[in-house]
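Undergrad: To be precise about what I am sending: the file is called upload-v1.txt and holds compact mmCIF, C-alpha atoms (C1' of nucleotides).
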# COMPACT_ATOMS: atom_id res chain seq x y z
CA MET A 1380 9.95 16.88 -3.81
CA LYS A 1381 13.13 15.78 -2.13
CA ARG A 1382 12.13 12.54 -0.51
CA ASN A 1383 14.35 11.13 2.09
CA LEU A 1384 16.13 8.41 0.16
CA GLU A 1385 17.95 7.12 3.19
CA PRO A 1386 15.45 4.80 4.77
CA ILE A 1387 15.03 5.21 8.48
CA ALA A 1388 16.70 2.46 10.46
CA TYR A 1389 14.14 1.02 12.80
CA GLN A 1390 14.62 -1.73 15.32
CA GLU A 1391 14.75 -5.16 13.79
CA ASN A 1392 11.56 -6.21 15.52
CA THR A 1393 9.77 -3.13 14.29
CA GLU A 1394 10.70 -3.85 10.69
CA ALA A 1395 9.80 -7.51 11.01
CA LEU A 1396 6.43 -6.77 12.54
CA ALA A 1397 5.62 -4.20 9.85
CA LYS A 1398 6.53 -6.72 7.19
CA PHE A 1399 4.22 -9.35 8.59
CA ALA A 1400 1.47 -6.79 9.07
CA LYS A 1401 1.84 -5.75 5.46
CA ALA A 1402 1.37 -9.33 4.33
CA LEU A 1403 -1.84 -9.45 6.37
CA ALA A 1404 -3.03 -6.05 5.19
CA HIS A 1405 -5.44 -7.38 2.59
CA PRO A 1406 -8.65 -9.28 3.30
CA THR A 1407 -7.99 -11.76 0.51
CA ARG A 1408 -4.70 -12.74 2.06
CA ILE A 1409 -6.27 -13.09 5.49
CA ALA A 1410 -8.94 -15.28 3.95
CA ILE A 1411 -6.35 -17.39 2.16
CA LEU A 1412 -4.49 -17.96 5.40
CA LYS A 1413 -7.68 -18.83 7.25
CA HIS A 1414 -8.46 -21.32 4.50
CA LEU A 1415 -4.98 -22.82 4.85
CA GLU A 1416 -5.47 -23.16 8.58
CA ASN A 1417 -8.66 -25.11 8.07
CA GLN A 1418 -7.41 -27.31 5.28
CA SER A 1419 -3.89 -27.37 6.63
CA CYS A 1420 -2.85 -27.26 2.98
CA CYS A 1421 -4.29 -26.56 -0.44
CA PHE A 1422 -3.57 -26.03 -4.10
CA THR A 1423 -3.66 -22.78 -6.00
CA GLY A 1424 -6.58 -24.01 -8.05
CA ASP A 1425 -8.68 -24.59 -4.95
CA LEU A 1426 -8.33 -20.96 -4.05
CA VAL A 1427 -9.20 -19.83 -7.56
CA ASP A 1428 -12.46 -21.71 -7.13
CA VAL A 1429 -13.13 -20.22 -3.72
CA PHE A 1430 -12.44 -16.58 -4.51
CA PRO A 1431 -13.97 -14.55 -7.34
CA LEU A 1432 -10.55 -13.44 -8.53
CA ALA A 1433 -8.43 -14.20 -11.54
CA GLN A 1434 -5.87 -16.95 -11.27
CA SER A 1435 -3.08 -14.46 -11.75
CA THR A 1436 -4.37 -12.36 -8.90
CA ILE A 1437 -4.48 -15.30 -6.53
CA SER A 1438 -1.01 -16.27 -7.61
CA GLN A 1439 0.23 -12.80 -6.81
CA HIS A 1440 -1.25 -12.87 -3.32
CA LEU A 1441 0.34 -16.25 -2.74
CA LYS A 1442 3.65 -14.81 -3.84
CA GLU A 1443 3.42 -12.04 -1.29
CA LEU A 1444 2.55 -14.46 1.47
CA LYS A 1445 5.49 -16.57 0.41
CA ASN A 1446 7.82 -13.58 0.36
CA ALA A 1447 6.71 -12.68 3.87
CA GLY A 1448 7.52 -16.25 4.84
CA LEU A 1449 4.03 -17.09 6.05
CA ILE A 1450 3.46 -19.90 3.58
CA GLN A 1451 5.54 -22.31 1.59
CA GLY A 1452 4.92 -24.21 -1.60
CA GLU A 1453 5.69 -27.84 -2.25
CA LEU A 1454 5.85 -29.29 -5.73
CA LYS A 1455 3.22 -31.97 -6.08
CA PRO A 1456 3.03 -32.38 -9.86
CA PRO A 1457 1.14 -31.25 -11.64
CA LYS A 1458 0.03 -29.02 -8.80
CA ILE A 1459 1.66 -27.04 -6.06
CA LYS A 1460 0.63 -27.61 -2.50
CA TYR A 1461 0.74 -24.60 -0.24
CA CYS A 1462 1.00 -24.88 3.50
CA ILE A 1463 1.54 -22.48 6.32
CA ASN A 1464 5.17 -22.08 7.26
CA ARG A 1465 4.88 -22.95 10.92
CA GLU A 1466 8.27 -21.65 11.91
CA ASN A 1467 7.70 -18.15 10.61
CA TRP A 1468 4.06 -18.29 11.60
CA ASN A 1469 5.15 -18.70 15.19
CA ILE A 1470 7.63 -15.88 14.87
CA ALA A 1471 4.88 -13.62 13.58
CA LYS A 1472 2.57 -14.80 16.29
CA SER A 1473 4.99 -13.96 19.06
CA LEU A 1474 5.87 -10.60 17.51
CA PHE A 1475 2.21 -9.58 17.49
CA GLN A 1476 1.74 -11.04 20.94
CA GLN A 1477 4.54 -9.07 22.51
CA PHE A 1478 3.54 -5.97 20.60
CA PHE A 1479 0.04 -6.04 22.03
CA ASP A 1480 1.42 -7.00 25.47
CA MET B 1062 -9.00 -3.33 -17.69
CA LYS B 1063 -12.27 -4.47 -16.27
CA ARG B 1064 -11.55 -4.59 -12.59
CA ASN B 1065 -14.11 -6.13 -10.41
CA LEU B 1066 -15.82 -3.06 -9.02
CA GLU B 1067 -17.98 -5.09 -6.69
CA PRO B 1068 -15.76 -5.59 -3.70
CA ILE B 1069 -15.69 -9.09 -2.37
CA ALA B 1070 -17.72 -9.51 0.79
CA TYR B 1071 -15.48 -11.13 3.35
CA GLN B 1072 -16.38 -12.08 6.87
CA GLU B 1073 -16.56 -9.16 9.23
CA ASN B 1074 -13.63 -10.41 11.25
CA THR B 1075 -11.55 -10.82 8.13
CA GLU B 1076 -12.15 -7.23 7.07
CA ALA B 1077 -11.51 -5.91 10.55
CA LEU B 1078 -8.27 -7.82 10.91
CA ALA B 1079 -7.04 -6.65 7.51
CA LYS B 1080 -7.84 -3.07 8.45
CA PHE B 1081 -5.84 -3.27 11.66
CA ALA B 1082 -3.00 -5.03 9.87
CA LYS B 1083 -2.95 -2.27 7.29
CA ALA B 1084 -2.58 0.33 10.00
CA LEU B 1085 0.40 -1.62 11.33
CA ALA B 1086 1.91 -2.17 7.90
CA HIS B 1087 4.46 0.61 8.14
CA PRO B 1088 7.46 0.65 10.49
CA THR B 1089 6.92 4.29 11.38
CA ARG B 1090 3.44 3.55 12.62
CA ILE B 1091 4.65 0.57 14.61
CA ALA B 1092 7.31 2.77 16.14
CA ILE B 1093 4.77 5.47 16.97
CA LEU B 1094 2.58 2.94 18.73
CA LYS B 1095 5.51 1.51 20.64
CA HIS B 1096 6.38 5.03 21.71
CA LEU B 1097 2.80 5.59 22.85
CA GLU B 1098 2.89 2.40 24.84
CA ASN B 1099 5.98 3.54 26.70
CA GLN B 1100 4.83 7.08 27.31
CA SER B 1101 1.19 6.08 27.58
CA CYS B 1102 0.55 9.35 25.75
CA CYS B 1103 2.37 12.00 23.78
CA PHE B 1104 2.05 15.07 21.62
CA THR B 1105 2.54 15.31 17.89
CA GLY B 1106 5.57 17.53 18.40
CA ASP B 1107 7.31 14.88 20.47
CA LEU B 1108 7.12 12.49 17.56
CA VAL B 1109 8.42 15.06 15.11
CA ASP B 1110 11.51 15.31 17.32
CA VAL B 1111 11.90 11.56 17.55
CA PHE B 1112 11.53 10.69 13.88
CA PRO B 1113 13.46 12.20 10.96
CA LEU B 1114 10.26 12.94 9.09
CA ALA B 1115 8.39 16.09 8.21
CA GLN B 1116 5.68 17.25 10.58
CA SER B 1117 3.06 16.74 7.88
CA THR B 1118 4.19 13.16 7.38
CA ILE B 1119 3.91 12.37 11.07
CA SER B 1120 0.49 13.96 11.10
CA GLN B 1121 -0.58 11.77 8.22
CA HIS B 1122 0.53 8.61 9.99
CA LEU B 1123 -1.33 9.70 13.09
CA LYS B 1124 -4.41 10.23 11.00
CA GLU B 1125 -4.26 6.69 9.69
CA LEU B 1126 -3.82 5.26 13.14
CA LYS B 1127 -6.76 7.34 14.27
CA ASN B 1128 -8.88 6.16 11.33
CA ALA B 1129 -8.06 2.58 12.21
CA GLY B 1130 -9.19 3.39 15.74
CA LEU B 1131 -5.90 2.47 17.38
CA ILE B 1132 -5.27 5.89 18.84
CA GLN B 1133 -7.30 8.87 19.86
CA GLY B 1134 -6.49 12.55 20.20
CA GLU B 1135 -7.47 14.78 23.08
CA LEU B 1136 -7.37 18.54 22.83
CA LYS B 1137 -4.93 19.82 25.41
CA PRO B 1138 -4.36 23.40 24.21
CA PRO B 1139 -2.17 24.41 22.68
CA LYS B 1140 -1.26 20.81 21.95
CA ILE B 1141 -3.02 17.60 21.15
CA LYS B 1142 -2.43 14.62 23.32
CA TYR B 1143 -2.51 11.26 21.61
CA CYS B 1144 -3.18 8.07 23.49
CA ILE B 1145 -3.81 4.50 22.55
CA ASN B 1146 -7.50 3.72 22.24
CA ARG B 1147 -7.60 0.84 24.69
CA GLU B 1148 -10.98 -0.43 23.63
CA ASN B 1149 -10.06 -0.89 19.99
CA TRP B 1150 -6.55 -1.93 20.95
CA ASN B 1151 -8.01 -4.86 22.80
CA ILE B 1152 -10.26 -5.71 19.90
CA ALA B 1153 -7.26 -5.76 17.58
CA LYS B 1154 -5.30 -7.78 20.10
CA SER B 1155 -7.93 -10.48 20.34
CA LEU B 1156 -8.44 -10.56 16.58
CA PHE B 1157 -4.76 -11.22 16.02
CA GLN B 1158 -4.71 -13.66 18.91
CA GLN B 1159 -7.53 -15.79 17.58
CA PHE B 1160 -6.15 -15.54 14.06
CA PHE B 1161 -2.82 -17.01 15.10
CA ASP B 1162 -4.60 -19.56 17.35
C1' DA C 662 -4.89 43.44 17.84
C1' DA C 663 -0.77 41.13 16.76
C1' DA C 664 2.51 37.57 17.18
C1' DA C 665 3.69 32.97 18.27
C1' DC C 666 2.81 28.29 18.60
C1' DC C 667 0.97 23.70 17.43
C1' DC C 668 -0.89 20.79 14.35
C1' DA C 669 -4.16 19.50 10.40
C1' DT C 670 -4.89 19.80 5.69
C1' DC C 671 -3.88 20.84 0.73
C1' DG C 672 -1.43 20.19 -3.40
C1' DT C 673 1.91 17.64 -5.63
C1' DA C 674 5.33 14.06 -7.00
C1' DT C 675 6.64 9.39 -6.87
C1' DA C 676 6.37 4.57 -5.44
C1' DT C 677 3.78 0.70 -4.46
C1' DT C 678 -0.23 -2.23 -4.62
C1' DT C 679 -4.03 -4.43 -6.78
C1' DG C 680 -6.22 -6.45 -10.55
C1' DC C 681 -6.85 -8.36 -15.21
C1' DG C 682 -5.85 -10.97 -19.59
C1' DA C 683 -2.20 -13.04 -22.16
C1' DT C 684 1.79 -15.55 -22.26
C1' DT C 685 5.28 -18.65 -20.59
C1' DA C 686 7.32 -22.45 -18.00
C1' DG C 687 7.46 -27.01 -16.20
C1' DA C 688 5.79 -31.52 -15.36
C1' DG C 689 3.28 -35.56 -16.69
C1' DA C 690 0.50 -38.08 -20.17
C1' DT C 691 -0.31 -39.52 -25.07
C1' DA D 413 7.88 -35.02 -29.81
C1' DT D 414 3.40 -33.23 -28.78
C1' DC D 415 -0.40 -32.22 -25.96
C1' DT D 416 -2.45 -31.06 -21.56
C1' DC D 417 -2.71 -29.26 -17.23
C1' DT D 418 -1.29 -26.14 -13.44
C1' DA D 419 0.54 -22.15 -11.89
C1' DA D 420 3.98 -18.38 -12.36
C1' DT D 421 5.15 -14.29 -14.72
C1' DC D 422 4.61 -10.28 -17.97
C1' DG D 423 2.53 -6.02 -19.36
C1' DC D 424 -0.58 -2.85 -18.54
C1' DA D 425 -4.19 0.29 -16.07
C1' DA D 426 -5.97 2.20 -12.10
C1' DA D 427 -6.06 2.95 -7.23
C1' DT D 428 -3.61 3.74 -2.96
C1' DA D 429 0.22 4.96 -0.05
C1' DT D 430 4.15 7.73 1.24
C1' DA D 431 6.60 11.88 1.59
C1' DC D 432 7.40 16.81 1.26
C1' DG D 433 6.66 21.98 1.51
C1' DA D 434 3.21 25.42 1.95
C1' DT D 435 -0.85 27.05 3.79
C1' DG D 436 -4.53 27.55 7.15
C1' DG D 437 -7.13 27.23 11.63
C1' DG D 438 -7.41 27.52 16.29
C1' DT D 439 -5.24 28.87 20.97
C1' DT D 440 -2.46 31.32 23.87
C1' DT D 441 0.66 34.92 24.81
C1' DT D 442 2.33 39.43 24.21
Kindly return the structure encoded in the file as structure tokens.

TA:
Amino acid sequence: MKRNLEPIAYQENTEALAKFAKALAHPTRIAILKHLENQSCCFTGDLVDVFPLAQSTISQHLKELKNAGLIQGELKPPKIKYCINRENWNIAKSLFQQFFD
Amino acid sequence: MKRNLEPIAYQENTEALAKFAKALAHPTRIAILKHLENQSCCFTGDLVDVFPLAQSTISQHLKELKNAGLIQGELKPPKIKYCINRENWNIAKSLFQQFFD
DNA sequence: AAAACCCATCGTATATTTGCGATTAGAGAT
DNA sequence: ATCTCTAATCGCAAATATACGATGGGTTTT
């Protein structure tokens, strides 16, 4: 098959934008973020109640959003409070903005 | 495994946004779109020269962008001229805009 | 009619994503 | 120390995405 193992080196902005887009590339994750925008913050359990998905599935989506930097978790025992990471949110926002002109 | 075969019904905007995001979720496709924005239009062959990827791979990426509605192809024998689909581009733009506030 | 050119599509291999149940980890509360 | 509660992580199955070479379809040129 001979795949190209050397990844192509794209511009930094291109990579960053693709990474954010990937995080948004699933309706559940969009919906989670919309929910977070309304509530400003919420717990994992809240989302498990809202979406007809297993707890582990929700947790995995949250992990991806966290890896992309779009959200952050705060320990609020015995729960974890998730909020939008405003700094990275704004970076994503401006990347999409300048991409679309 | 018992996956939930019934797909979750999200809001129309949520689905649409996720679909556009998915199309943008690969750096090559971002780069192709940036290229199209500069040139306003281009041929498949141009892209094959620009990117170190097989012709079939480029073609596949173009197909996905076309399926998402972000580009459109025009027969310009013996080539095919690809341009950004401005109508859907603007839809995507405003969806991202309102999503990020 | 044949050759050349451009690009889509097919077939295939591998990697990644998505989802679930089960288990584990960590922090209070008893 | 034990129990309870929340949420992350593990292990697996299935679906999807990414990439390639090879083939095919449609034009244009010879």

Undergrad: Give the residues of chain A that lie within 8 Å of chain C; count all atoms listed in the file, and format the answer as a list in words.

TA: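 The answer, sorted by residue number, is Met1380, Ala1433, Ser1435, Thr1436, Pro1456 and Pro1457 of chain A.
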
Undergrad: From (-0.8, -8.9, 18.2), in the file's coordinates, out to 7 Å: which residues are reached, counting only C-alpha atoms (C1' of nucleotides)? Answer as a list in words.

TA: Leu1474, Phe1475, Gln1476, Gln1477, Phe1478 and Phe1479 of chain A; Lys1154, Phe1157 and Gln1158 of chain B

Undergrad: In the coordinate frame of the file, compute which residues have an atom within 12 Å of (1.5, 8.0, 28.2) when using only C-alpha atoms (C1' of nucleotides), and state them as a list in words.

TA: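 Residues with an atom close enough to that point: Ile1093, Leu1094, Lys1095, His1096, Leu1097, Glu1098, Asn1099, Gln1100, Ser1101, Cys1102, Cys1103, Phe1104, Asp1107, Ile1132, Lys1142, Tyr1143, Cys1144, Ile1145 and Asn1146 of chain B.
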
Undergrad: What are the residues of chain D that have an atom within 12 Å of an atom of chain A, counting only C-alpha atoms (C1' of nucleotides), as a VMD selection string?

TA: chain D and resid 416 to 422 430 to 433

Undergrad: May I have the residues of chain A within 10 Å of chain B, counting all atoms listed in the file, written as a VMD selection string?

TA: chain A and resid 1382 to 1383 1386 to 1410 1412 to 1413 1416 1430 to 1433 1468 to 1469 1471 to 1473 1475 to 1476 1478 to 1480

Undergrad: Can you report as lines of an AutoDock Vina configuration file the centre and edge lengths in Å, to one decimal, of an axis-aligned box around the listed atoms of region 1385-1397 of chain A padded with 3 Å on each side?

TA:
center_x = 11.8
center_y = -0.2
center_z = 9.4
size_x = 18.3
size_y = 20.6
size_z = 18.3

Undergrad: Between CA of Leu1454 (chain A) and CA of Ile1437 (chain A), what is the spacing in Å?

TA: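 CA of Ile1437 (chain A) sits 17.4 Å away from CA of Leu1454 (chain A).
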
Undergrad: Please compute the C1' of DG437 (chain D)-CA of Asn1128 (chain B) distance, one decimal, in Å.

TA: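 Calculated distance between C1' of DG437 (chain D) and CA of Asn1128 (chain B) is 21.1 Å.
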
Undergrad: So how far away is CA of Leu1126 (chain B) from CA of Leu1449 (chain A), in Å?

TA: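 Separating CA of Leu1449 (chain A) from CA of Leu1126 (chain B) is a distance of 24.7 Å.
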